[in-house]
file input31.cif (mmCIF, C-alpha atoms)
data_target
loop_
_atom_site.label_atom_id
_atom_site.label_comp_id
_atom_site.auth_asym_id
_atom_site.auth_seq_id
_atom_site.Cartn_x
_atom_site.Cartn_y
_atom_site.Cartn_z
CA MET A 1 0.00 0.00 0.00
CA PRO A 2 1.26 3.58 -0.66
CA ALA A 3 2.11 5.78 2.34
CA LEU A 4 -0.95 7.36 3.94
CA PRO A 5 -1.28 11.17 3.79
CA LEU A 6 -0.22 12.96 6.98
CA ASP A 7 -3.75 13.84 8.17
CA GLU A 8 -4.85 10.20 7.96
CA ALA A 9 -1.59 8.70 9.24
CA GLY A 10 -1.62 11.13 12.18
CA LYS A 11 -4.79 9.53 13.57
CA TYR A 12 -3.19 6.10 13.65
CA VAL A 13 0.10 7.33 15.13
CA ALA A 14 -1.77 9.33 17.79
CA GLY A 15 -3.95 6.27 18.49
CA ALA A 16 -0.92 4.03 19.04
CA TYR A 17 0.85 6.50 21.36
CA VAL A 18 -2.35 7.30 23.28
CA ALA A 19 -2.97 3.54 23.71
CA PHE A 20 0.54 3.14 25.15
CA VAL A 21 0.23 6.10 27.53
CA ALA A 22 -3.30 5.04 28.59
CA LEU A 23 -2.10 1.51 29.34
CA ILE A 24 0.68 2.81 31.58
CA LEU A 25 -1.62 5.34 33.30
CA ILE A 26 -4.29 2.70 33.98
CA TYR A 27 -1.62 0.39 35.41
CA VAL A 28 -0.17 3.16 37.62
CA ALA A 29 -3.71 4.08 38.81
CA ILE A 30 -4.37 0.44 39.77
CA ILE A 31 -1.07 0.10 41.61
CA GLY A 32 -1.71 3.50 43.27
CA ALA A 33 -5.10 2.29 44.53
CA LYS A 34 -3.44 -0.88 45.83
CA ILE A 35 -0.79 1.09 47.73
CA ALA A 36 -3.47 3.42 49.16
CA ARG A 37 -5.39 0.35 50.40
CA ILE A 38 -2.26 -1.05 52.07
CA ASP A 39 -1.62 2.34 53.69
CA ARG A 40 -5.20 2.44 55.02
CA GLN A 41 -4.91 -1.09 56.42
CA ILE A 42 -1.62 -0.25 58.14
CA ALA A 43 -3.30 2.78 59.74
CA GLU A 44 -6.14 0.52 60.97
CA LEU A 45 -3.64 -1.95 62.41
CA VAL A 46 -1.76 0.83 64.22
CA ALA A 47 -5.08 2.17 65.59
CA GLU A 48 -6.02 -1.33 66.85
CA ASP A 49 -2.62 -1.63 68.50
CA ASP A 50 -3.03 1.75 70.23
CA GLU A 51 -6.39 0.79 71.75
CA MET B 1 13.61 -4.24 50.27
CA TYR B 2 12.43 -3.92 46.67
CA SER B 3 11.93 -0.16 46.68
CA LYS B 4 15.67 0.62 46.87
CA GLY B 5 16.59 3.07 44.11
CA LEU B 6 13.01 3.31 42.86
CA ALA B 7 12.82 7.13 42.89
CA PRO B 8 15.97 7.78 40.76
CA LEU B 9 14.95 4.92 38.47
CA ALA B 10 11.50 6.46 37.96
CA ALA B 11 13.10 9.85 37.23
CA ALA B 12 15.53 8.27 34.71
CA THR B 13 12.58 6.49 33.06
CA ALA B 14 10.57 9.72 32.74
CA VAL B 15 13.55 11.59 31.25
CA THR B 16 14.44 8.79 28.80
CA ILE B 17 10.86 8.29 27.58
CA THR B 18 10.34 12.03 27.15
CA THR B 19 13.62 12.22 25.18
CA ALA B 20 12.57 9.23 23.08
CA PHE B 21 9.20 10.81 22.21
CA ALA B 22 10.94 14.10 21.34
CA LEU B 23 13.37 12.24 19.05
CA VAL B 24 10.50 10.31 17.43
CA PHE B 25 8.52 13.42 16.52
CA PHE B 26 11.21 16.11 16.06
CA TYR B 27 14.40 14.29 15.02
CA ALA B 28 13.76 10.98 13.25
CA PRO B 29 12.83 11.47 9.59
CA ASN B 30 9.67 10.03 8.06
CA ASP B 31 10.15 6.62 6.49
CA ALA B 32 10.53 6.80 2.70
CA ASP B 33 8.17 3.87 2.18
CA GLN B 34 5.55 4.09 4.97
CA GLY B 35 5.72 7.81 5.72
CA PHE B 36 4.52 9.16 9.08
CA VAL B 37 2.79 5.88 10.07
CA GLN B 38 6.22 4.28 10.61
CA LYS B 39 6.50 6.37 13.85
CA ILE B 40 4.45 3.60 15.49
CA PHE B 41 7.55 1.42 15.10
CA TYR B 42 9.32 3.35 17.91
CA VAL B 43 6.72 2.39 20.50
CA HIS B 44 5.60 -0.99 19.15
CA VAL B 45 8.94 -2.76 18.57
CA PRO B 46 10.73 -1.71 21.81
CA MET B 47 7.61 -2.75 23.76
CA ALA B 48 7.65 -6.17 22.03
CA ILE B 49 11.38 -6.69 22.66
CA VAL B 50 11.10 -5.70 26.33
CA ALA B 51 7.98 -7.88 26.83
CA LEU B 52 9.74 -10.93 25.36
CA CYS B 53 12.87 -10.26 27.45
CA GLY B 54 10.59 -9.97 30.51
CA PHE B 55 9.15 -13.41 29.80
CA ILE B 56 12.68 -14.84 29.55
CA ALA B 57 13.67 -13.03 32.77
CA GLY B 58 10.62 -14.62 34.44
CA GLY B 59 12.02 -18.03 33.45
CA LEU B 60 15.50 -17.18 34.77
CA PHE B 61 14.08 -16.00 38.11
CA ALA B 62 12.06 -19.21 38.26
CA ILE B 63 15.27 -21.25 37.80
CA ARG B 64 16.79 -19.37 40.75
CA HIS B 65 13.67 -20.09 42.78
CA LEU B 66 13.82 -23.83 42.08
CA ARG B 67 17.55 -23.94 42.81
CA SER B 68 17.42 -21.94 46.05
CA GLY B 69 13.88 -22.55 47.32
CA ASP B 70 13.73 -18.82 48.13
CA SER B 71 10.15 -17.64 47.49
CA SER B 72 11.31 -14.08 46.74
CA TRP B 73 12.60 -15.36 43.36
CA ASP B 74 9.16 -16.77 42.61
CA LEU B 75 7.68 -13.35 43.37
CA ARG B 76 10.22 -11.72 41.02
CA SER B 77 9.34 -14.27 38.31
CA TYR B 78 5.59 -13.74 38.74
CA VAL B 79 5.87 -9.95 38.60
CA ALA B 80 8.18 -10.05 35.54
CA ILE B 81 5.62 -12.22 33.70
CA HIS B 82 2.78 -9.97 34.90
CA MET B 83 4.55 -6.85 33.57
CA SER B 84 5.33 -8.58 30.27
CA ILE B 85 1.65 -9.52 29.85
CA ILE B 86 0.69 -5.85 30.31
CA LEU B 87 3.31 -4.72 27.77
CA GLY B 88 2.26 -7.62 25.51
CA LEU B 89 -1.28 -6.24 25.51
CA GLY B 90 0.17 -2.89 24.42
CA VAL B 91 2.15 -4.63 21.66
CA LEU B 92 -1.01 -6.29 20.31
CA VAL B 93 -3.00 -3.03 20.39
CA THR B 94 -0.28 -0.86 18.78
CA GLY B 95 0.47 -3.67 16.29
CA ALA B 96 -3.18 -3.84 15.25
CA ILE B 97 -3.25 -0.04 14.76
CA TRP B 98 -0.06 -0.20 12.67
CA ALA B 99 -1.43 -3.13 10.63
CA LYS B 100 -4.64 -1.21 9.89
CA ALA B 101 -2.66 1.85 8.78
CA SER B 102 -0.15 -0.12 6.68
CA TRP B 103 -2.13 -3.05 5.32
CA GLY B 104 -5.73 -1.91 5.70
CA HIS B 105 -6.58 -4.73 8.18
CA TRP B 106 -6.53 -4.77 12.00
CA TRP B 107 -5.08 -8.28 12.00
CA VAL B 108 -3.38 -10.44 9.36
CA TRP B 109 -3.35 -14.16 10.11
CA ASP B 110 -0.68 -15.09 7.55
CA GLU B 111 1.94 -12.80 9.10
CA PRO B 112 4.22 -15.08 11.23
CA VAL B 113 5.58 -12.25 13.43
CA LEU B 114 2.09 -11.18 14.55
CA VAL B 115 0.74 -14.68 15.04
CA SER B 116 3.85 -15.93 16.86
CA PHE B 117 3.62 -13.02 19.32
CA LEU B 118 -0.07 -13.77 19.87
CA VAL B 119 0.82 -17.43 20.56
CA VAL B 120 3.40 -16.37 23.17
CA PHE B 121 0.93 -13.91 24.73
CA LEU B 122 -1.85 -16.52 24.95
CA LEU B 123 0.61 -19.07 26.36
CA TYR B 124 1.44 -16.69 29.21
CA CYS B 125 -2.24 -15.90 29.80
CA VAL B 126 -2.46 -19.53 30.99
CA TYR B 127 0.02 -18.67 33.77
CA TYR B 128 -2.62 -16.87 35.87
CA PRO B 129 -5.23 -19.66 36.09
CA LEU B 130 -2.42 -22.16 36.70
CA ARG B 131 -0.91 -20.09 39.50
CA PHE B 132 -4.12 -19.14 41.27
CA SER B 133 -5.75 -22.56 41.02
CA ILE B 134 -3.17 -23.89 43.51
CA GLU B 135 -3.80 -22.88 47.13
CA ASP B 136 -0.72 -24.26 48.86
CA PRO B 137 1.89 -21.43 48.58
CA SER B 138 4.96 -23.65 48.14
CA ARG B 139 3.29 -25.86 45.51
CA GLN B 140 1.94 -22.75 43.78
CA ALA B 141 5.44 -21.26 43.61
CA ARG B 142 7.00 -24.54 42.42
CA TYR B 143 4.46 -25.28 39.69
CA SER B 144 4.47 -21.66 38.52
CA SER B 145 8.27 -21.77 38.29
CA VAL B 146 8.18 -24.93 36.18
CA PHE B 147 5.70 -23.25 33.84
CA ALA B 148 7.77 -20.03 33.71
CA ILE B 149 10.92 -22.00 32.78
CA ALA B 150 9.20 -24.08 30.07
CA ALA B 151 7.41 -21.06 28.59
CA GLY B 152 10.55 -18.91 28.92
CA ALA B 153 12.49 -21.48 26.86
CA PHE B 154 9.74 -21.36 24.23
CA VAL B 155 10.20 -17.59 23.68
CA PRO B 156 13.67 -17.73 22.01
CA LEU B 157 12.66 -20.93 20.18
CA ASN B 158 9.68 -19.08 18.78
CA PHE B 159 11.92 -16.16 17.78
CA VAL B 160 14.30 -18.52 15.94
CA ALA B 161 11.37 -20.22 14.19
CA VAL B 162 10.16 -16.86 12.86
CA ARG B 163 13.70 -16.03 11.70
CA LEU B 164 13.90 -19.35 9.86
CA ALA B 165 10.67 -18.42 8.08
CA GLU B 166 12.24 -15.09 7.08
CA ALA B 167 11.30 -15.45 3.43
CA TYR B 168 7.64 -15.19 4.43
CA THR B 169 7.93 -12.35 6.95
CA HIS B 170 8.13 -8.58 6.64
CA PRO B 171 11.67 -7.11 6.24
CA ARG B 172 13.97 -7.06 9.27
CA VAL B 173 14.84 -3.62 10.56
CA LEU B 174 17.48 -4.87 12.99
CA SER B 175 19.98 -7.61 12.42
CA GLN B 176 23.53 -8.60 13.37
CA THR B 177 24.79 -6.51 10.45
CA GLY B 178 22.93 -3.43 11.65
CA GLY B 179 19.76 -3.85 9.63
CA ASP B 180 18.30 -1.24 7.31
CA LEU B 181 17.83 1.58 9.83
CA PRO B 182 19.70 4.81 9.02
CA GLY B 183 21.70 6.40 11.86
CA ASP B 184 19.12 8.94 13.08
CA MET B 185 16.34 6.34 13.06
CA ARG B 186 18.59 3.83 14.84
CA LEU B 187 19.48 6.36 17.56
CA THR B 188 15.79 7.14 18.09
CA PHE B 189 14.98 3.44 18.23
CA LEU B 190 17.77 2.70 20.75
CA VAL B 191 16.66 5.57 23.04
CA SER B 192 13.06 4.28 22.80
CA LEU B 193 14.27 0.77 23.64
CA LEU B 194 16.23 2.07 26.63
CA GLY B 195 13.19 4.04 27.82
CA MET B 196 10.95 1.01 27.51
CA ALA B 197 13.45 -1.19 29.38
CA LEU B 198 13.70 1.39 32.19
CA LEU B 199 9.90 1.62 32.31
CA PHE B 200 9.68 -2.16 32.66
CA VAL B 201 12.21 -2.25 35.51
CA THR B 202 10.53 0.71 37.29
CA LEU B 203 7.04 -0.81 37.11
CA TRP B 204 8.46 -4.24 38.05
CA LYS B 205 10.07 -2.79 41.19
CA LEU B 206 6.90 -0.80 42.00
CA GLU B 207 4.72 -3.90 41.72
CA LEU B 208 7.22 -5.95 43.76
CA THR B 209 7.22 -3.27 46.47
CA ALA B 210 3.40 -3.21 46.61
CA LYS B 211 3.14 -7.02 46.69
CA HIS B 212 5.83 -7.31 49.35
CA ALA B 213 4.13 -4.65 51.51
CA SER B 214 0.82 -6.45 51.12
CA MET B 215 2.37 -9.76 52.20
CA GLN B 216 4.08 -8.14 55.21
CA LEU B 217 0.77 -6.56 56.22
CA LYS B 218 -1.00 -9.91 55.99
CA ARG B 219 1.66 -11.44 58.24
CA LEU B 220 1.27 -8.61 60.79
CA ARG B 221 -2.52 -9.01 60.81
CA ASN B 222 -2.20 -12.75 61.44
CA ARG B 223 0.26 -12.07 64.27
CA ALA B 224 -2.10 -9.48 65.79
CA ARG B 225 -5.01 -11.93 65.53
CA VAL B 226 -3.01 -14.67 67.31
CA ALA B 227 -1.91 -12.24 70.02
CA ALA B 228 -5.51 -11.13 70.60
#

call {"tool": "encode", "arguments": {"input": "input31.cif", "output": "structure tokens"}}
result
Amino acid sequence: MPALPLDEAGKYVAGAYVAFVALILIYVAIIGAKIARIDRQIAELVAEDDE
Amino acid sequence: MYSKGLAPLAAATAVTITTAFALVFFYAPNDADQGFVQKIFYVHVPMAIVALCGFIAGGLFAIRHLRSGDSSWDLRSYVAIHMSIILGLGVLVTGAIWAKASWGHWWVWDEPVLVSFLVVFLLYCVYYPLRFSIEDPSRQARYSSVFAIAAGAFVPLNFVAVRLAEAYTHPRVLSQTGGDLPGDMRLTFLVSLLGMALLFVTLWKLELTAKHASMQLKRLRNRARVAA
């Protein structure tokens, strides 16, 4: 196939890079939520220990 | 334990990936054949290489686990495979976008490079049900390690098989003789590859840290329950 014109090719290139960035951001958000949950549970454990 | 050096590593990853993206869009020339669409190459191929290396690393960590009996190596193996699966998903998505732009189809079944990567990806998807169907922690670690070693050995075999079928595949851009990449494209590719490798190691360490903290917390809770 001949090379796509820039306006059409740009959509695909943007799509690929956005997919990559979105994948990493979703992963970081999940791991962030996991770390926040661990932090909350540690705080609960410390509170139980203080009582 | 696992978080040592995480902050500078994350900073180095951010700098390298930003540099790589800048090189892709402001330095590397458009491909004479594919034009602007070839820019997908700089995210797709490094991601594929790093994902495959991650699978092999998972196998090597599994060997260390079986040799030493130290469960921390099993955790390293599991997280390496987990990260490679995530990057593998990215490879399939960006590959499909590139295929649509270049060939007019989202997926081409007679392209050995695509299909062989899908086979590797699906093989590793089996790792999760295998691992989490075993309740006993030591058996789980042992069986998972055996799988990681066998599957890890399959990755280079698969790579060689695709190379042997070279006559039927799309042209190589990297080879022992340097491939067909001109200097500015090669530099951009190598920086992208470095960025992707750093990203893998950073996320691997982050996941290991979170998993280790979660396990420590579980142990503390059990201890507190026994004490009560």

call {"tool": "residues_around", "arguments": {"input": "input31.cif", "residues": "region 9-19 of chain A", "least_positions_apart": "4", "cutoff": "7 Å", "atoms": "all atoms listed in the file", "output": "ChimeraX atom specification"}}
result
/A:4-5,23 /B:36-37,39-40,94,97,101

call {"tool": "write_last_selection", "arguments": {"input": "input31.cif", "atoms": "C-alpha atoms", "output": "JSON list (two decimals), in the coordinates of the input"}}
result
[["chain", "number", "residue", "atom", "x", "y", "z"],
["A", 4, "LEU", "CA", -0.95, 7.36, 3.94],
["A", 5, "PRO", "CA", -1.28, 11.17, 3.79],
["A", 23, "LEU", "CA", -2.10, 1.51, 29.34],
["B", 36, "PHE", "CA", 4.52, 9.16, 9.08],
["B", 37, "VAL", "CA", 2.79, 5.88, 10.07],
["B", 39, "LYS", "CA", 6.50, 6.37, 13.85],
["B", 40, "ILE", "CA", 4.45, 3.60, 15.49],
["B", 94, "THR", "CA", -0.28, -0.86, 18.78],
["B", 97, "ILE", "CA", -3.25, -0.04, 14.76],
["B", 101, "ALA", "CA", -2.66, 1.85, 8.78]]

call {"tool": "resolve_selection", "arguments": {"input": "input31.cif", "expression": "the PyMOL selection byres ((chain B and resi 197-211) around 6)", "output": "PyMOL selection string"}}
result
chain B and resi 2-3+10+13+50+194-196+212-214

call {"tool": "write_last_selection", "arguments": {"input": "input31.cif", "atoms": "C-alpha atoms", "output": "tab-separated table (two decimals), in the frame of the given file"}}
result
chain	number	residue	atom	x	y	z
B	2	TYR	CA	12.43	-3.92	46.67
B	3	SER	CA	11.93	-0.16	46.68
B	10	ALA	CA	11.50	6.46	37.96
B	13	THR	CA	12.58	6.49	33.06
B	50	VAL	CA	11.10	-5.70	26.33
B	194	LEU	CA	16.23	2.07	26.63
B	195	GLY	CA	13.19	4.04	27.82
B	196	MET	CA	10.95	1.01	27.51
B	212	HIS	CA	5.83	-7.31	49.35
B	213	ALA	CA	4.13	-4.65	51.51
B	214	SER	CA	0.82	-6.45	51.12

call {"tool": "residues_around", "arguments": {"input": "input31.cif", "residues": "region 117-120 of chain B", "least_positions_apart": "4", "cutoff": "7 Å", "atoms": "only C-alpha atoms", "output": "compact mmCIF listing (two decimals) with C-alpha atoms, keeping the file's coordinate frame"}}
result
# COMPACT_ATOMS: atom_id res chain seq x y z
CA VAL B 113 5.58 -12.25 13.43
CA TYR B 124 1.44 -16.69 29.21
CA VAL B 155 10.20 -17.59 23.68

call {"tool": "atom_distance", "arguments": {"input": "input31.cif", "atom1": "CA of Phe41 (chain B)", "atom2": "CA of Gly152 (chain B)"}}
result
24.8 Å

call {"tool": "resolve_selection", "arguments": {"input": "input31.cif", "expression": "the PyMOL selection byres ((chain B and resi 108) around 12)", "output": "number ranges by chain"}}
result
B: 92, 95-100, 102-107, 109-116, 118, 169-170

call {"tool": "resolve_selection", "arguments": {"input": "input31.cif", "expression": "the PyMOL selection byres ((chain B and resi 70-79) around 7)", "output": "mmCIF file with C-alpha atoms, in the frame of the given file"}}
result
data_model
loop_
_atom_site.group_PDB
_atom_site.id
_atom_site.type_symbol
_atom_site.label_atom_id
_atom_site.label_comp_id
_atom_site.auth_asym_id
_atom_site.auth_seq_id
_atom_site.Cartn_x
_atom_site.Cartn_y
_atom_site.Cartn_z
ATOM 1 C CA GLY B 58 10.620 -14.620 34.440
ATOM 2 C CA GLY B 59 12.020 -18.030 33.450
ATOM 3 C CA PHE B 61 14.080 -16.000 38.110
ATOM 4 C CA ALA B 62 12.060 -19.210 38.260
ATOM 5 C CA ARG B 64 16.790 -19.370 40.750
ATOM 6 C CA HIS B 65 13.670 -20.090 42.780
ATOM 7 C CA SER B 68 17.420 -21.940 46.050
ATOM 8 C CA GLY B 69 13.880 -22.550 47.320
ATOM 9 C CA ALA B 80 8.180 -10.050 35.540
ATOM 10 C CA ILE B 81 5.620 -12.220 33.700
ATOM 11 C CA HIS B 82 2.780 -9.970 34.900
ATOM 12 C CA MET B 83 4.550 -6.850 33.570
ATOM 13 C CA ALA B 141 5.440 -21.260 43.610
ATOM 14 C CA SER B 145 8.270 -21.770 38.290
ATOM 15 C CA TRP B 204 8.460 -4.240 38.050
ATOM 16 C CA GLU B 207 4.720 -3.900 41.720
ATOM 17 C CA LEU B 208 7.220 -5.950 43.760
#

call {"tool": "closest_residue", "arguments": {"input": "input31.cif", "among": "A:Phe20, A:Ile30, A:Ala43, A:Glu51", "to": "chain B", "atoms": "all atoms listed in the file"}}
result
A:Phe20

call {"tool": "atom_distance", "arguments": {"input": "input31.cif", "atom1": "CA of Tyr27 (chain B)", "atom2": "CA of Ala12 (chain B)"}}
result
20.6 Å

call {"tool": "atom_distance", "arguments": {"input": "input31.cif", "atom1": "CA of Ala227 (chain B)", "atom2": "CA of Ala36 (chain A)"}}
result
26.1 Å

call {"tool": "closest_residue", "arguments": {"input": "input31.cif", "among": "B:Ala7, B:Tyr42, B:Arg163, B:Thr18", "to": "Ser192 (chain B)", "atoms": "all atoms listed in the file"}}
result
B:Tyr42

call {"tool": "closest_residue", "arguments": {"input": "input31.cif", "among": "B:Val226, B:Ala11, B:Leu130, B:Ala22", "to": "Tyr143 (chain B)", "atoms": "all atoms listed in the file"}}
result
B:Leu130

call {"tool": "closest_residue", "arguments": {"input": "input31.cif", "among": "B:Val45, B:Gly35, B:Gly90, B:Pro8", "to": "Ile24 (chain A)", "atoms": "all atoms listed in the file"}}
result
B:Gly90

call {"tool": "closest_residue", "arguments": {"input": "input31.cif", "among": "B:Cys53, B:Ile86, B:Val160, B:Ala14", "to": "chain A", "atoms": "only C-alpha atoms"}}
result
B:Ile86

call {"tool": "axis_aligned_box", "arguments": {"input": "input31.cif", "around": "region 46-50 of chain A", "padding_each_side": "8 Å", "output": "AutoDock Vina command-line options"}}
result
--center_x -3.9 --center_y 0.3 --center_z 67.2 --size_x 20.3 --size_y 19.8 --size_z 22.0

call {"tool": "closest_residue", "arguments": {"input": "input31.cif", "among": "B:Ala224, B:Met185, B:Asn158, B:Gly54", "to": "chain A", "atoms": "all atoms listed in the file"}}
result
B:Ala224

call {"tool": "build_atoms", "arguments": {"input": "input31.cif", "residues": "region 64-86 of chain B", "atoms": "N, CA and C atoms", "output": "short mmCIF file (atom, residue, chain, number, x, y, z; two decimals), in the coordinates of the input"}}
result
data_model
loop_
_atom_site.label_atom_id
_atom_site.label_comp_id
_atom_site.auth_asym_id
_atom_site.auth_seq_id
_atom_site.Cartn_x
_atom_site.Cartn_y
_atom_site.Cartn_z
N ARG B 64 16.16 -19.71 39.47
CA ARG B 64 16.79 -19.37 40.75
C ARG B 64 15.91 -19.81 41.91
N HIS B 65 14.58 -19.67 41.71
CA HIS B 65 13.67 -20.09 42.78
C HIS B 65 13.77 -21.59 43.02
N LEU B 66 13.77 -22.37 41.92
CA LEU B 66 13.82 -23.83 42.08
C LEU B 66 15.16 -24.27 42.65
N ARG B 67 16.22 -23.56 42.30
CA ARG B 67 17.55 -23.94 42.81
C ARG B 67 17.72 -23.58 44.28
N SER B 68 17.18 -22.41 44.68
CA SER B 68 17.42 -21.94 46.05
C SER B 68 16.27 -22.22 47.01
N GLY B 69 15.06 -22.37 46.47
CA GLY B 69 13.88 -22.55 47.32
C GLY B 69 13.43 -21.24 47.96
N ASP B 70 14.06 -20.13 47.59
CA ASP B 70 13.73 -18.82 48.13
C ASP B 70 12.50 -18.26 47.39
N SER B 71 11.41 -18.04 48.15
CA SER B 71 10.15 -17.64 47.49
C SER B 71 10.21 -16.23 46.89
N SER B 72 11.22 -15.44 47.31
CA SER B 72 11.31 -14.08 46.74
C SER B 72 11.61 -14.15 45.23
N TRP B 73 12.31 -15.20 44.79
CA TRP B 73 12.60 -15.36 43.36
C TRP B 73 11.34 -15.72 42.60
N ASP B 74 10.45 -16.46 43.25
CA ASP B 74 9.16 -16.77 42.61
C ASP B 74 8.36 -15.49 42.44
N LEU B 75 8.40 -14.63 43.46
CA LEU B 75 7.68 -13.35 43.37
C LEU B 75 8.25 -12.50 42.22
N ARG B 76 9.58 -12.48 42.11
CA ARG B 76 10.22 -11.72 41.02
C ARG B 76 9.78 -12.28 39.66
N SER B 77 9.75 -13.61 39.56
CA SER B 77 9.34 -14.27 38.31
C SER B 77 7.90 -13.92 37.96
N TYR B 78 7.02 -14.03 38.95
CA TYR B 78 5.59 -13.74 38.74
C TYR B 78 5.39 -12.30 38.28
N VAL B 79 6.06 -11.36 38.94
CA VAL B 79 5.87 -9.95 38.60
C VAL B 79 6.47 -9.64 37.22
N ALA B 80 7.60 -10.27 36.87
CA ALA B 80 8.18 -10.05 35.54
C ALA B 80 7.20 -10.53 34.46
N ILE B 81 6.59 -11.69 34.68
CA ILE B 81 5.62 -12.22 33.70
C ILE B 81 4.39 -11.31 33.64
N HIS B 82 3.94 -10.86 34.81
CA HIS B 82 2.78 -9.97 34.90
C HIS B 82 3.03 -8.68 34.11
N MET B 83 4.21 -8.09 34.28
CA MET B 83 4.55 -6.85 33.57
C MET B 83 4.64 -7.10 32.06
N SER B 84 5.19 -8.26 31.69
CA SER B 84 5.33 -8.58 30.27
C SER B 84 3.96 -8.79 29.62
N ILE B 85 3.02 -9.35 30.37
CA ILE B 85 1.65 -9.52 29.85
C ILE B 85 1.03 -8.15 29.56
N ILE B 86 1.25 -7.21 30.50
CA ILE B 86 0.69 -5.85 30.31
C ILE B 86 1.32 -5.19 29.07
#
